[in-house]
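To start, the structure under review is shown below, and the notes come after it.
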Amino acid sequence: MAEKEALARSKKSQVPVWLIEYIDENVRDVLPNGTRFLGTTPSGASYWARAARIDATDEAEEETPFFLKVYKSENAKDMAYSEFASMKVFYDIMPEMVAEPIGWGAYKNDPDAYFFVCRFEELTGDIPNSGDFPELLAELHKRSESTATNPGEFGYPITSWGGTNPVRYPSSQSWEECFTKCMELTFAMEEETHGPDDEMTRLREGLMTKVIPRLLRPLETEGRTVKPALCHGNLWDGNASVDASTGTPKIFDVNPTWGHNEYDLAPWWCPRHRMTKVYIDEYFRYYQAAEPAVDFKDRGILYSLRFDVHASSIYPGVYRFRKIAMDNMRRLVDKYPDGYEGYAEHTVLGDQAEETEQQQIPKTTVIEAA
């Protein structure tokens, strides 16, 4: 009961509702010239912000609604800016998948409040189906790989926010280095929230020194490379839906990084979510699993740890995410006690293991998008 109450308290928005009950002058200034405002209506649920639909018409008197999100905290400015800047990157690469970002800034009537505005798209409220969403995500990854401004560089220059805590991907020349640095920062936040734990410390050490090198270094050795793809970074059920008018899958609330494309599947490995194995299997029809393909499942569990440890960091008094993370960490640490060195010494045995586990690997017949 105490944990449920702690979770409920942490999810209560701290942003005053009056901030979305009118249209601030600075919000008006970032919208297109000729926009005529008709009013606002609360829209969607956000634990960390307030959101509203702005009803409006354009110069031709056509309906042109906008989506307004307002933050008010010590990090409100960074939150609003990162959402605008990150969504713009996605819109430039895959406009059919995200709403067009319009602008961001501070409220004139309350300089401590910051806003983000984009085009309003009516969503169904349900998750995208497995028949088209994995294919569209694979297309996003492929397009971004071919349009990367810094090919070969991993990470993201702007800090994004998952709840009230930052998500950072330091610039790195290898995916292993980028993911390792991100996990170090995430573990530090989690410990600050819940305090130290001897078993957590032991598992963290094993994960950082043995498991991560074992599962990620083979992606970038023996002649293999990872092309940095633009990853959403937080693609759980609550951050994807369907455009009610077109049926097209839509994504939002990004925590982006240039990283290994499979990293975007991380939340789909969590049994508590509705987008699970069927979505993963469908994704691999359009984007082949990276070699060593025999490691794909354990890579997925490893990637999901960033998601679970971060979730633990933002809910004080809620320990279930720590327990989930520790259970998965324990399994990986026990399975890979020899780290990358063990892999390097037994590549022949690794090839044999791949043959025996091949039936567990999703089909990788790649279907080229039109």
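Please note that chains go A, B, ... in the order of the structure tokens, that every chain numbers its residues from 1, and that ligands are numbered from 1 in the order shown.
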
> Can you list, as a list in words, every residue of stretch 246-360 of chain A that DSSP puts in strand (DSSP E or B)?
Replying inline: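 Selection result, strand (DSSP E or B) within stretch 246-360 of chain A: Pro249, Lys250, Ile251, Thr257, Trp258 and Gly259 of chain A.
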
>> Using only C-alpha atoms, which protein or nucleic acid residues come within 8 Å of A:Asp112? Drop anything in the same chain fewer than 2 positions from it, and give the result as a PyMOL selection string.
In response: chain A and resi 72-73+76+106-107+110+114

Let's have the selection written as a CSV table (one decimal), in the first residue's frame, with N, CA and C atoms.
chain,number,residue,atom,x,y,z
A,72,LYS,N,6.8,23.4,-15.4
A,72,LYS,CA,7.2,24.4,-14.4
A,72,LYS,C,7.9,23.7,-13.2
A,73,SER,N,9.2,23.8,-13.3
A,73,SER,CA,10.1,23.2,-12.3
A,73,SER,C,11.5,23.8,-12.5
A,76,ALA,N,12.5,23.2,-16.1
A,76,ALA,CA,11.5,23.4,-17.1
A,76,ALA,C,12.0,23.9,-18.4
A,106,ALA,N,9.4,30.7,-22.9
A,106,ALA,CA,8.9,31.0,-21.5
A,106,ALA,C,7.6,31.7,-21.6
A,107,TYR,N,6.7,31.5,-20.6
A,107,TYR,CA,5.5,32.3,-20.5
A,107,TYR,C,5.8,33.7,-20.1
A,110,ASP,N,4.4,34.2,-16.6
A,110,ASP,CA,5.1,33.4,-15.5
A,110,ASP,C,6.4,32.9,-16.1
A,114,TYR,N,7.6,27.1,-18.8
A,114,TYR,CA,8.1,27.0,-20.2
A,114,TYR,C,7.2,26.1,-21.0

>> If we count only C-alpha atoms and set the cut-off at 8 Å, which residues sit around A:Gly105, ignoring sequence neighbours fewer than 3 positions away in its own chain? Please answer as a ChimeraX atom specification.
In response: /A:26-27,77,80-81,114-116

>> So, with only C-alpha atoms as the atoms that count, which of A:Asp298, A:Glu291, A:Glu83, A:Asp281 lies closest to A:Ser130?
In response: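 Checking each candidate against A:Ser130, we get A:Asp281 as the closest.
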
> Which residue gives the smallest distance to A:Gly259 among A:Tyr156, A:Asp197, A:Val294, A:Arg274, with only C-alpha atoms counted?
Replying inline: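 Closest residue, counting only C-alpha atoms: A:Tyr156.
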
>> as number ranges by chain, please: every residue in stretch 162-237 of chain A that a backbone DSSP assignment puts in alpha helix (DSSP H).
In response: A: 175-194, 198-206, 212-216

Dump C-alpha atoms for the selected residues as an mmCIF file, in the first residue's frame?
data_model
loop_
_atom_site.group_PDB
_atom_site.id
_atom_site.type_symbol
_atom_site.label_atom_id
_atom_site.label_comp_id
_atom_site.auth_asym_id
_atom_site.auth_seq_id
_atom_site.Cartn_x
_atom_site.Cartn_y
_atom_site.Cartn_z
ATOM 1 C CA TRP A 175 28.295 2.188 -29.048
ATOM 2 C CA GLU A 176 29.730 0.218 -26.129
ATOM 3 C CA GLU A 177 31.295 3.373 -24.701
ATOM 4 C CA CYS A 178 28.121 5.430 -25.185
ATOM 5 C CA PHE A 179 25.851 2.862 -23.540
ATOM 6 C CA THR A 180 28.305 2.313 -20.681
ATOM 7 C CA LYS A 181 28.479 6.033 -19.884
ATOM 8 C CA CYS A 182 24.692 6.338 -20.020
ATOM 9 C CA MET A 183 24.275 3.397 -17.635
ATOM 10 C CA GLU A 184 26.812 4.858 -15.198
ATOM 11 C CA LEU A 185 24.786 8.062 -15.017
ATOM 12 C CA THR A 186 21.507 6.163 -14.699
ATOM 13 C CA PHE A 187 22.764 3.942 -11.884
ATOM 14 C CA ALA A 188 24.016 7.026 -10.019
ATOM 15 C CA MET A 189 20.562 8.644 -10.179
ATOM 16 C CA GLU A 190 18.875 5.439 -9.042
ATOM 17 C CA GLU A 191 21.166 5.132 -6.024
ATOM 18 C CA GLU A 192 20.552 8.763 -5.148
ATOM 19 C CA THR A 193 16.809 8.051 -5.127
ATOM 20 C CA HIS A 194 16.779 4.769 -3.190
ATOM 21 C CA ASP A 198 25.203 -4.219 -1.432
ATOM 22 C CA GLU A 199 23.672 -6.669 -3.891
ATOM 23 C CA MET A 200 22.824 -3.905 -6.351
ATOM 24 C CA THR A 201 26.433 -2.695 -6.143
ATOM 25 C CA ARG A 202 27.770 -6.192 -6.822
ATOM 26 C CA LEU A 203 25.478 -6.707 -9.787
ATOM 27 C CA ARG A 204 26.225 -3.263 -11.178
ATOM 28 C CA GLU A 205 29.959 -3.974 -11.086
ATOM 29 C CA GLY A 206 29.468 -7.264 -12.914
ATOM 30 C CA ILE A 212 28.319 -4.889 -21.303
ATOM 31 C CA PRO A 213 31.708 -5.662 -22.908
ATOM 32 C CA ARG A 214 30.613 -9.243 -23.581
ATOM 33 C CA LEU A 215 27.358 -8.323 -25.312
ATOM 34 C CA LEU A 216 28.247 -5.051 -27.048
#

>> Applying 7 Å and only C-alpha atoms, which residues near A:Glu145 remain after dropping the ones on its own chain fewer than 2 positions away? List them as an MDAnalysis selection string.
In response: chainID A and resid 141:143 147:148 227:229

> By how many Å are atom CA of A:His310 and atom CA of A:Met275 apart?
Replying inline: 19.1 Å

>> Could you list, as a PyMOL selection string, every residue within 8 Å of A:Leu68, counting only C-alpha atoms and ignoring same-chain residues fewer than 5 positions away?
In response: chain A and resi 20+51-54+115-118

> Which one is closest to A:Trp104: A:His260, A:Lys88, A:Arg331, A:Arg299? Count only C-alpha atoms.
Replying inline: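 Using only C-alpha atoms, the shortest distance to A:Trp104 belongs to A:Lys88.
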